[in-house]
>>> print(open('run-v4.cif').read())   # mmCIF, C-alpha atoms and all ligand atoms
data_coords
#
loop_
_atom_site.label_atom_id
_atom_site.label_comp_id
_atom_site.auth_asym_id
_atom_site.auth_seq_id
_atom_site.Cartn_x
_atom_site.Cartn_y
_atom_site.Cartn_z
CA MET X 1 37.19 53.38 -99.00
CA GLU X 2 34.15 53.14 -101.27
CA ILE X 3 34.30 50.24 -103.68
CA LYS X 4 31.78 49.45 -106.40
CA GLN X 5 33.43 46.67 -108.37
CA VAL X 6 35.09 43.53 -107.16
CA THR X 7 38.25 41.87 -108.47
CA PRO X 8 37.14 39.07 -110.82
CA PHE X 9 37.99 35.52 -109.81
CA SER X 10 40.84 33.92 -111.75
CA LYS X 11 39.85 31.81 -114.76
CA ASP X 12 40.85 28.69 -112.86
CA LEU X 13 38.65 29.35 -109.83
CA GLN X 14 35.72 30.66 -111.91
CA GLY X 15 35.97 27.54 -114.09
CA LYS X 16 35.66 25.27 -111.05
CA ILE X 17 32.75 27.28 -109.68
CA ASP X 18 30.91 27.20 -113.02
CA PHE X 19 31.53 23.49 -113.52
CA LEU X 20 30.26 22.43 -110.09
CA SER X 21 27.44 24.97 -109.94
CA LYS X 22 25.96 23.44 -113.11
CA ARG X 23 25.28 20.31 -111.08
CA ARG X 24 22.82 22.15 -108.89
CA THR X 25 19.17 21.28 -109.24
CA GLU X 26 16.63 24.02 -108.68
CA ILE X 27 13.94 23.30 -106.13
CA ASN X 28 10.68 24.83 -105.00
CA LEU X 29 9.81 24.83 -101.33
CA GLY X 30 6.17 25.86 -101.37
CA SER X 31 6.18 28.85 -103.67
CA VAL X 32 9.81 29.77 -102.98
CA SER X 33 12.38 28.66 -105.54
CA PHE X 34 16.03 28.04 -104.74
CA ALA X 35 19.01 27.29 -106.97
CA SER X 36 19.74 24.11 -104.99
CA PRO X 37 18.48 22.27 -101.89
CA LEU X 38 21.66 23.31 -100.03
CA LEU X 39 21.07 26.59 -98.24
CA LEU X 40 23.07 28.84 -95.96
CA ALA X 41 21.47 28.98 -92.49
CA PRO X 42 20.95 32.30 -90.74
CA MET X 43 23.77 33.35 -88.41
CA SER X 44 23.87 36.51 -86.33
CA ASN X 45 26.83 38.80 -86.96
CA ILE X 46 27.78 36.66 -89.95
CA CYS X 47 24.93 36.54 -92.46
CA ALA X 48 24.94 40.14 -93.67
CA PHE X 49 25.15 40.52 -97.43
CA PRO X 50 28.95 40.12 -97.80
CA PHE X 51 29.04 36.54 -96.55
CA ARG X 52 25.63 35.65 -98.02
CA LEU X 53 26.59 36.86 -101.48
CA LEU X 54 29.94 35.09 -101.35
CA MET X 55 28.19 31.84 -100.41
CA GLU X 56 25.67 32.25 -103.27
CA GLU X 57 28.63 32.69 -105.60
CA LEU X 58 30.20 29.57 -104.11
CA GLY X 59 27.23 27.38 -104.86
CA CYS X 60 24.66 27.66 -102.11
CA GLY X 61 21.06 27.62 -103.27
CA GLY X 62 19.79 30.44 -101.10
CA THR X 63 20.40 32.32 -97.89
CA VAL X 64 18.66 33.85 -94.90
CA SER X 65 19.69 37.03 -93.10
CA GLU X 66 20.78 37.01 -89.49
CA LEU X 67 17.96 37.42 -86.99
CA ILE X 68 16.78 41.03 -86.94
CA SER X 69 14.81 42.54 -84.08
CA CYS X 70 11.31 43.68 -85.02
CA HIS X 71 11.52 46.31 -82.28
CA GLY X 72 14.86 47.60 -83.59
CA ILE X 73 13.23 48.02 -87.01
CA ASN X 74 10.12 49.68 -85.61
CA TYR X 75 12.22 52.13 -83.54
CA GLY X 76 14.19 52.98 -86.68
CA ASN X 77 17.48 51.91 -85.07
CA GLU X 78 20.18 52.68 -87.64
CA LYS X 79 22.26 49.56 -87.05
CA THR X 80 19.19 47.33 -87.24
CA LEU X 81 18.00 48.95 -90.46
CA ARG X 82 21.44 48.37 -92.06
CA MET X 83 20.99 44.66 -91.35
CA LEU X 84 18.04 44.70 -93.76
CA SER X 85 20.24 45.61 -96.72
CA ILE X 86 20.30 43.19 -99.63
CA HIS X 87 22.86 43.41 -102.43
CA PRO X 88 21.31 43.66 -105.91
CA ASP X 89 23.17 40.48 -106.98
CA GLU X 90 21.66 38.34 -104.21
CA LYS X 91 19.09 36.04 -105.77
CA ASN X 92 17.40 33.82 -103.20
CA ILE X 93 17.36 35.63 -99.91
CA GLY X 94 14.98 35.65 -96.98
CA ILE X 95 14.96 38.15 -94.12
CA GLN X 96 14.63 36.64 -90.65
CA LEU X 97 12.84 38.61 -87.95
CA PHE X 98 12.45 37.95 -84.27
CA GLY X 99 10.00 39.29 -81.73
CA GLU X 100 7.24 38.21 -79.37
CA SER X 101 4.39 40.45 -80.48
CA ALA X 102 2.45 39.56 -83.63
CA GLU X 103 1.59 43.20 -84.29
CA SER X 104 5.19 44.45 -83.93
CA MET X 105 6.41 41.61 -86.14
CA ALA X 106 3.79 42.50 -88.77
CA LEU X 107 4.85 46.17 -88.75
CA ALA X 108 8.54 45.27 -89.03
CA ALA X 109 7.85 42.75 -91.78
CA LYS X 110 6.26 45.51 -93.87
CA VAL X 111 9.43 47.60 -93.48
CA ALA X 112 11.59 44.59 -94.39
CA LEU X 113 9.65 44.25 -97.67
CA GLU X 114 11.29 47.46 -98.87
CA SER X 115 14.59 45.53 -99.17
CA ARG X 116 12.81 43.15 -101.58
CA PRO X 117 13.59 39.75 -99.99
CA LYS X 118 12.04 36.61 -101.49
CA PHE X 119 10.48 35.60 -98.18
CA ILE X 120 10.14 36.62 -94.54
CA ASP X 121 11.31 34.06 -91.98
CA ILE X 122 10.40 33.97 -88.29
CA ASN X 123 13.08 32.99 -85.79
CA MET X 124 11.51 30.41 -83.47
CA GLY X 125 14.72 28.70 -82.46
CA CYS X 126 16.92 31.21 -80.68
CA PRO X 127 17.82 29.72 -77.28
CA VAL X 128 19.56 32.82 -75.86
CA ARG X 129 18.19 33.80 -72.45
CA LYS X 130 17.83 37.51 -73.26
CA VAL X 131 15.66 36.65 -76.27
CA VAL X 132 13.70 33.82 -74.67
CA THR X 133 12.79 35.71 -71.47
CA LYS X 134 11.07 38.33 -73.63
CA GLY X 135 8.96 35.59 -75.23
CA SER X 136 10.62 35.40 -78.64
CA GLY X 137 12.95 32.94 -80.38
CA SER X 138 12.43 29.39 -79.12
CA ALA X 139 10.04 30.64 -76.38
CA LEU X 140 7.44 30.83 -79.17
CA LEU X 141 7.42 27.02 -79.17
CA LYS X 142 6.21 26.93 -75.57
CA ASP X 143 2.65 28.15 -75.99
CA THR X 144 1.32 26.84 -79.27
CA SER X 145 -2.17 28.25 -78.61
CA LYS X 146 -0.91 31.70 -79.64
CA LEU X 147 0.81 30.61 -82.82
CA GLY X 148 -2.17 30.65 -85.19
CA HIS X 149 -2.81 34.34 -84.47
CA PHE X 150 0.93 35.08 -84.57
CA PHE X 151 1.43 33.57 -88.02
CA LYS X 152 -1.80 34.98 -89.45
CA THR X 153 -1.10 38.55 -88.33
CA ILE X 154 2.35 38.53 -89.91
CA LYS X 155 1.20 36.75 -93.05
CA ASP X 156 -1.66 39.20 -93.60
CA ALA X 157 0.82 42.10 -93.49
CA ILE X 158 3.03 40.88 -96.31
CA ASP X 159 2.62 39.92 -99.95
CA ILE X 160 5.56 37.51 -100.11
CA PRO X 161 5.90 34.00 -98.59
CA LEU X 162 6.20 33.52 -94.84
CA THR X 163 8.49 30.79 -93.47
CA ILE X 164 9.67 29.67 -90.04
CA LYS X 165 12.83 28.23 -88.48
CA ILE X 166 12.25 26.22 -85.34
CA ARG X 167 13.91 23.72 -83.01
CA THR X 168 12.45 20.28 -82.35
CA GLY X 169 10.82 21.61 -79.19
CA TRP X 170 11.56 23.31 -75.90
CA ASP X 171 13.01 20.27 -74.13
CA ASP X 172 12.87 16.48 -74.26
CA ASP X 173 9.45 16.53 -72.58
CA GLN X 174 8.03 18.98 -75.09
CA ILE X 175 9.07 17.84 -78.55
CA ASN X 176 6.27 19.59 -80.42
CA CYS X 177 7.68 20.42 -83.85
CA LYS X 178 4.96 18.33 -85.55
CA GLU X 179 2.22 20.36 -83.89
CA VAL X 180 3.95 23.63 -84.82
CA ILE X 181 4.24 22.49 -88.44
CA HIS X 182 0.52 21.72 -88.58
CA ILE X 183 -0.42 25.13 -87.20
CA ALA X 184 1.98 26.75 -89.67
CA LYS X 185 0.38 24.81 -92.53
CA GLU X 186 -3.09 26.04 -91.50
CA GLU X 187 -1.92 29.64 -91.62
CA GLY X 188 -0.23 29.43 -95.02
CA VAL X 189 3.43 29.22 -93.98
CA GLU X 190 5.45 27.92 -96.98
CA PHE X 191 8.17 25.80 -95.40
CA VAL X 192 9.78 24.98 -92.07
CA ALA X 193 13.50 24.77 -91.30
CA ILE X 194 14.23 22.65 -88.23
CA HIS X 195 17.43 22.67 -86.20
CA GLY X 196 17.39 19.13 -84.80
CA ARG X 197 17.96 20.09 -81.19
CA THR X 198 15.69 21.26 -78.39
CA ARG X 199 16.06 24.69 -76.80
CA THR X 200 17.37 23.13 -73.60
CA GLN X 201 20.02 21.28 -75.56
CA GLN X 202 21.36 24.61 -76.86
CA TYR X 203 24.28 23.34 -79.01
CA LYS X 204 25.15 20.28 -76.96
CA GLY X 205 25.00 16.68 -78.15
CA ARG X 206 24.03 15.84 -81.69
CA ALA X 207 21.20 17.04 -83.88
CA ASN X 208 18.44 14.43 -83.84
CA TRP X 209 18.34 13.42 -87.50
CA GLU X 210 16.23 10.36 -86.78
CA LEU X 211 13.48 12.67 -85.59
CA LEU X 212 14.03 15.12 -88.48
CA GLU X 213 13.68 12.28 -90.99
CA GLN X 214 10.51 11.04 -89.33
CA VAL X 215 9.01 14.54 -89.18
CA ALA X 216 9.93 15.24 -92.82
CA LYS X 217 8.31 11.97 -93.91
CA GLU X 218 4.94 12.92 -92.44
CA SER X 219 5.04 16.69 -92.81
CA PRO X 220 2.36 18.54 -94.78
CA LEU X 221 4.94 21.29 -95.44
CA PRO X 222 8.39 21.13 -97.05
CA ILE X 223 11.05 20.55 -94.40
CA ILE X 224 14.60 21.88 -94.36
CA GLY X 225 16.78 19.73 -92.11
CA ASN X 226 19.52 21.46 -90.15
CA GLY X 227 22.22 20.54 -87.68
CA ASP X 228 25.76 19.15 -87.76
CA LEU X 229 26.12 19.01 -91.56
CA HIS X 230 29.71 20.11 -91.14
CA SER X 231 31.55 18.59 -94.08
CA ALA X 232 30.82 17.89 -97.73
CA SER X 233 31.00 14.14 -97.14
CA ILE X 234 28.36 14.34 -94.39
CA VAL X 235 26.17 16.56 -96.60
CA LYS X 236 26.44 14.19 -99.56
CA LYS X 237 25.59 11.18 -97.44
CA ARG X 238 22.56 12.93 -95.96
CA MET X 239 21.35 14.25 -99.32
CA SER X 240 21.55 10.82 -100.90
CA ASN X 241 19.03 9.34 -98.51
CA SER X 242 16.71 11.78 -96.79
CA ASN X 243 13.05 12.68 -96.47
CA CYS X 244 13.98 16.32 -96.05
CA ASP X 245 13.30 18.58 -99.01
CA ALA X 246 16.37 20.73 -98.42
CA PHE X 247 19.22 21.30 -95.97
CA MET X 248 20.65 24.28 -94.16
CA LEU X 249 24.30 24.64 -93.23
CA ALA X 250 25.53 27.14 -90.67
CA ARG X 251 28.91 26.39 -89.09
CA GLY X 252 30.20 24.13 -91.89
CA PRO X 253 30.68 26.92 -94.48
CA LEU X 254 32.58 29.05 -91.97
CA ARG X 255 35.52 26.65 -91.94
CA ASP X 256 34.95 25.22 -95.41
CA PRO X 257 33.67 28.01 -97.66
CA PHE X 258 33.75 25.56 -100.59
CA ILE X 259 31.45 23.07 -98.81
CA PHE X 260 28.51 23.74 -101.14
CA LEU X 261 30.57 23.25 -104.30
CA GLU X 262 32.34 20.23 -102.78
CA SER X 263 28.93 18.69 -102.09
CA TYR X 264 28.11 18.70 -105.83
CA LYS X 265 31.33 16.85 -106.68
CA GLU X 266 31.12 13.35 -108.12
CA ASP X 267 33.59 10.58 -107.28
CA ASP X 268 35.62 10.85 -110.48
CA ASP X 269 35.87 14.66 -110.48
CA LYS X 270 39.50 15.74 -110.24
CA ILE X 271 38.64 19.24 -108.98
CA SER X 272 40.14 20.54 -105.76
CA PHE X 273 40.42 23.97 -104.22
CA THR X 274 43.82 25.53 -103.74
CA PRO X 275 45.43 27.96 -101.28
CA SER X 276 45.20 30.60 -103.98
CA ASP X 277 41.41 29.98 -104.21
CA TYR X 278 41.24 30.67 -100.47
CA TRP X 279 43.02 33.95 -100.99
CA GLU X 280 40.69 34.94 -103.86
CA ILE X 281 37.52 34.35 -101.89
CA THR X 282 38.94 36.11 -98.83
CA ARG X 283 39.71 39.15 -100.98
CA ARG X 284 36.17 38.99 -102.43
CA LEU X 285 34.68 38.94 -98.92
CA PHE X 286 36.86 41.91 -97.98
CA GLU X 287 35.62 43.83 -101.02
CA TYR X 288 31.98 43.07 -100.18
CA ASN X 289 32.56 44.21 -96.62
CA LYS X 290 33.92 47.49 -97.93
CA MET X 291 30.67 47.91 -99.86
CA TYR X 292 28.65 47.09 -96.75
CA THR X 293 30.25 49.57 -94.36
CA ASP X 294 32.92 52.26 -94.37
CA ARG X 295 33.86 51.54 -90.76
CA GLU X 296 37.37 50.11 -90.91
CA ARG X 297 37.21 48.72 -87.39
CA THR X 298 34.00 46.79 -88.15
CA ILE X 299 35.56 45.37 -91.31
CA LEU X 300 38.73 44.42 -89.43
CA ILE X 301 36.79 42.52 -86.77
CA MET X 302 34.63 40.83 -89.38
CA MET X 303 37.53 39.86 -91.65
CA ARG X 304 39.68 38.60 -88.78
CA LYS X 305 37.13 36.02 -87.74
CA HIS X 306 36.42 34.82 -91.27
CA ILE X 307 40.13 34.61 -92.10
CA ILE X 308 40.80 32.52 -89.00
CA TRP X 309 37.88 30.20 -89.75
CA PHE X 310 38.93 29.85 -93.41
CA ALA X 311 42.46 28.96 -92.28
CA ALA X 312 41.29 26.35 -89.74
CA GLY X 313 42.97 23.02 -90.35
CA LEU X 314 45.54 24.35 -92.85
CA SER X 315 49.31 24.16 -92.23
CA ASN X 316 50.59 26.49 -89.52
CA ALA X 317 47.07 27.80 -88.90
CA GLY X 318 47.76 28.29 -85.17
CA GLN X 319 50.77 30.51 -85.72
CA PHE X 320 48.95 32.42 -88.46
CA ARG X 321 45.98 32.97 -86.12
CA ASN X 322 48.24 34.52 -83.47
CA THR X 323 49.76 36.89 -86.03
CA ILE X 324 46.34 37.95 -87.29
CA PHE X 325 45.03 38.61 -83.79
CA LYS X 326 47.98 40.89 -83.05
CA CYS X 327 47.65 42.91 -86.25
CA PRO X 328 45.76 46.18 -85.61
CA GLU X 329 45.53 47.38 -89.22
CA LEU X 330 43.09 46.18 -91.86
CA GLU X 331 45.35 46.52 -94.91
CA ASP X 332 48.21 44.76 -93.07
CA THR X 333 45.83 41.99 -92.04
CA MET X 334 44.90 41.41 -95.65
CA LYS X 335 48.55 41.44 -96.79
CA ILE X 336 49.55 38.92 -94.08
CA THR X 337 46.61 36.76 -95.13
CA GLU X 338 47.56 36.89 -98.81
CA ASP X 339 51.16 35.96 -97.95
CA TYR X 340 49.98 33.12 -95.72
CA PHE X 341 47.57 31.53 -98.19
CA LEU X 342 49.96 31.90 -101.13
CA SER X 343 52.79 30.32 -99.14
CA LEU X 344 50.86 27.07 -98.68
CA SER X 345 51.47 24.13 -100.94
CA SER X 346 48.03 22.60 -100.39
CA ALA X 347 44.63 23.49 -99.03
CA ASN X 348 43.98 20.06 -97.55
CA LYS X 349 42.34 20.63 -94.21
CA LYS X 350 42.74 18.61 -91.06
CA ILE X 351 39.71 19.39 -88.93
CA ASN X 352 38.63 17.31 -85.98
CA GLU X 353 34.84 17.37 -86.38
CA ASP X 354 34.40 16.11 -82.82
CA GLU X 355 36.04 19.20 -81.33
CA ALA X 356 33.56 21.85 -80.23
CA PHE X 357 33.25 24.73 -82.69
CA MET X 358 30.95 27.72 -82.15
CA THR X 359 28.72 26.26 -79.49
CA SER X 360 26.40 29.19 -79.13
CA GLY X 361 24.18 30.99 -81.57
CA HIS X 362 20.73 32.40 -82.16
CA GLY X 363 18.81 29.44 -83.49
C1 LIG X 401 27.19 32.04 -84.55
C2 LIG X 401 25.81 31.54 -84.81
C3 LIG X 401 24.78 32.43 -85.00
C4 LIG X 401 23.49 31.97 -85.26
N1 LIG X 401 22.51 32.87 -85.50
C5 LIG X 401 21.27 32.43 -85.88
C6 LIG X 401 20.26 33.36 -86.27
O1 LIG X 401 20.47 34.58 -86.31
N2 LIG X 401 19.05 32.85 -86.59
C7 LIG X 401 18.78 31.50 -86.58
O2 LIG X 401 17.67 31.09 -86.88
N3 LIG X 401 19.74 30.62 -86.25
C8 LIG X 401 20.97 31.06 -85.91
N4 LIG X 401 21.94 30.15 -85.62
C9 LIG X 401 21.65 28.71 -85.70
C10 LIG X 401 22.03 28.12 -87.06
O3 LIG X 401 21.27 28.69 -88.10
C11 LIG X 401 21.84 26.60 -87.06
O4 LIG X 401 20.50 26.32 -86.78
C12 LIG X 401 22.71 25.87 -86.03
O5 LIG X 401 24.01 26.43 -85.97
C13 LIG X 401 22.84 24.38 -86.37
O6 LIG X 401 23.37 24.22 -87.66
P1 LIG X 401 24.92 23.83 -87.94
O7 LIG X 401 25.19 22.58 -87.17
O8 LIG X 401 25.02 23.67 -89.42
O9 LIG X 401 25.76 24.93 -87.42
C14 LIG X 401 23.23 30.57 -85.33
C15 LIG X 401 24.28 29.68 -85.12
C16 LIG X 401 25.56 30.14 -84.88
C17 LIG X 401 26.67 29.15 -84.69
#
>>> encode(input="run-v4.cif", output="structure tokens")
Amino acid sequence: MEIKQVTPFSKDLQGKIDFLSKRRTEINLGSVSFASPLLLAPMSNICAFPFRLLMEELGCGGTVSELISCHGINYGNEKTLRMLSIHPDEKNIGIQLFGESAESMALAAKVALESRPKFIDINMGCPVRKVVTKGSGSALLKDTSKLGHFFKTIKDAIDIPLTIKIRTGWDDDQINCKEVIHIAKEEGVEFVAIHGRTRTQQYKGRANWELLEQVAKESPLPIIGNGDLHSASIVKKRMSNSNCDAFMLARGPLRDPFIFLESYKEDDDKISFTPSDYWEITRRLFEYNKMYTDRERTILIMMRKHIIWFAAGLSNAGQFRNTIFKCPELEDTMKITEDYFLSLSSANKKINEDEAFMTSGHG
């Protein structure tokens, strides 16, 4: 199963990627440079190197790993340590850690440095009960008196930038992101990504962009705005008029893997992505997954979900989804997928953005 080289993209697809990627403008957030202000947000069980690297190739300016347990790292848990792996071609990647103890986080951060990320990010947004009851994730927002020590201990342990990803606060009565940003600034944190919801909100309602804009306007640190940037048109609109220094996209790229490139398009560009482009990037993701693990079952589960998300909104996607779910073999799954994508006459998607999609996650 081992694979070292990937199938090159066709000239047509590579041409579109190169053309649109040239429109990217590099940015610095604190001392961290990115190829563009449009970044891939961390997502558990999704943002291992195969998807991250594919998204970098498809125009995103930088990525962050899924949240990784500091205790799992410190115990030497094999699965956790694999999550730290970074592909040599990844350029702008941060590793996100979670934990409640400053000392355990500092120890784990030192181990994470061995993978050579550009920065270490702290998860301060995870709303999941199992994480929060132990005092990590968004629970860190509850008692700000401990944060100075928390940041300092981790920062002192590493020689690369430290960053944080937070929510706006715990609940509507405790919107304290501004205070957290100020403490972070004091302790030398480089930038802050904010998911514009409170912990209590989980994934309900809308991200509060009014608040994000106001916070970004006054912030002493660069701010990455995050939440509900689910289509290229929404991203473009937000980018054209925002106080935020950069933006993170999580769920959008799952259903529209070309969302970053589409966001660099100008009105008179004739470029569009085709069903065959969908097949090529799916095959690329499959090949990266084969590099990541030799466990067929893991690859099958991973590919199934990406294939179904990629197909969302395309013709006959429902029927295709049922066929994929029933297929027990990896190679057959890929063949069915190739046949499906190549049978389509267009890759125009019909997605109802108001329908709930992935309403739970770790940040
Ligand atoms: C499946 C899933 C997993 C997530 N895992 C993480 C994570 O590991 N770390 C994190 O900081 N945020 C995580 N998040 C939160 C996202 O990074 C992002 O803040 C949130 O989804 C809002 O952005 P979006 O509207 O673009 O999806 C996750 C979200 C989803 C949907």
>>> closest_residue(input="run-v4.cif", among="X:Ile154, X:Ile299, X:Val235, X:Val6", to="ligand LIG 401 (chain X)", atoms="all atoms listed in the file")
X:Val235
>>> closest_atom_pairs(input="run-v4.cif", of="chain X", to="ligand LIG 401 (chain X)", cutoff="7 Å", atoms="only C-alpha atoms and all ligand atoms", output="CSV")
residue,atom,partner,partner_atom,distance
X:Ala41,CA,X:LIG401,O3,4.4
X:Pro42,CA,X:LIG401,O3,4.5
X:Met43,CA,X:LIG401,N1,3.2
X:Ser44,CA,X:LIG401,O1,3.9
X:Asn45,CA,X:LIG401,C3,7.0
X:Glu66,CA,X:LIG401,O1,4.0
X:Leu67,CA,X:LIG401,O1,3.9
X:Asn123,CA,X:LIG401,O2,5.1
X:Gly125,CA,X:LIG401,O2,5.8
X:Cys126,CA,X:LIG401,C7,6.2
X:Lys165,CA,X:LIG401,O2,5.8
X:His195,CA,X:LIG401,O4,4.8
X:Asn226,CA,X:LIG401,O6,5.4
X:Gly227,CA,X:LIG401,O7,3.6
X:Asp228,CA,X:LIG401,O7,3.5
X:Leu229,CA,X:LIG401,O8,5.2
X:His230,CA,X:LIG401,O8,6.1
X:Met248,CA,X:LIG401,O8,6.5
X:Leu249,CA,X:LIG401,O8,4.0
X:Ala250,CA,X:LIG401,O8,3.7
X:Arg251,CA,X:LIG401,O9,3.9
X:Gly252,CA,X:LIG401,O8,5.8
X:Met358,CA,X:LIG401,C17,5.2
X:Thr359,CA,X:LIG401,C17,6.3
X:Ser360,CA,X:LIG401,C17,5.6
X:Gly361,CA,X:LIG401,C2,3.7
X:His362,CA,X:LIG401,C5,3.8
X:Gly363,CA,X:LIG401,N3,3.1
>>> residues_around(input="run-v4.cif", residues="Arg321 in chain X", least_positions_apart="3", cutoff="9 Å", atoms="all atoms listed in the file", output="ChimeraX atom specification")
/X:304,307-308,311-312,316-318,324-326
>>> residues_around(input="run-v4.cif", residues="Phe151 in chain X", least_positions_apart="5", cutoff="8 Å", atoms="only C-alpha atoms", output="MDAnalysis selection string")
chainID X and resid 102 184 187 189
>>> residues_near_point(input="run-v4.cif", point="(3.2, 27.1, -86.8)", cutoff="7 Å", atoms="all atoms listed in the file", output="list in words")
Leu147, Gly148, Phe151, Val180, Ile181, His182, Ile183, Ala184 and Lys185 of chain X
>>> residues_near_point(input="run-v4.cif", point="(13.3, 16.2, -84.6)", cutoff="6 Å", atoms="only C-alpha atoms", output="PyMOL selection string")
chain X and resi 168+196+208+211-212
>>> atom_distance(input="run-v4.cif", atom1="CA of Gln319 in chain X", atom2="CA of Lys349 in chain X")
15.5 Å
>>> residues_around(input="run-v4.cif", residues="Gly30 in chain X", least_positions_apart="3", cutoff="9 Å", atoms="only C-alpha atoms", output="PyMOL selection string")
chain X and resi 33+161+189-191+221-222
>>> write_last_selection(input="run-v4.cif", atoms="C-alpha atoms", output="JSON list (two decimals), keeping the file's coordinate frame")
[["chain", "number", "residue", "atom", "x", "y", "z"],
["X", 33, "SER", "CA", 12.38, 28.66, -105.54],
["X", 161, "PRO", "CA", 5.90, 34.00, -98.59],
["X", 189, "VAL", "CA", 3.43, 29.22, -93.98],
["X", 190, "GLU", "CA", 5.45, 27.92, -96.98],
["X", 191, "PHE", "CA", 8.17, 25.80, -95.40],
["X", 221, "LEU", "CA", 4.94, 21.29, -95.44],
["X", 222, "PRO", "CA", 8.39, 21.13, -97.05]]
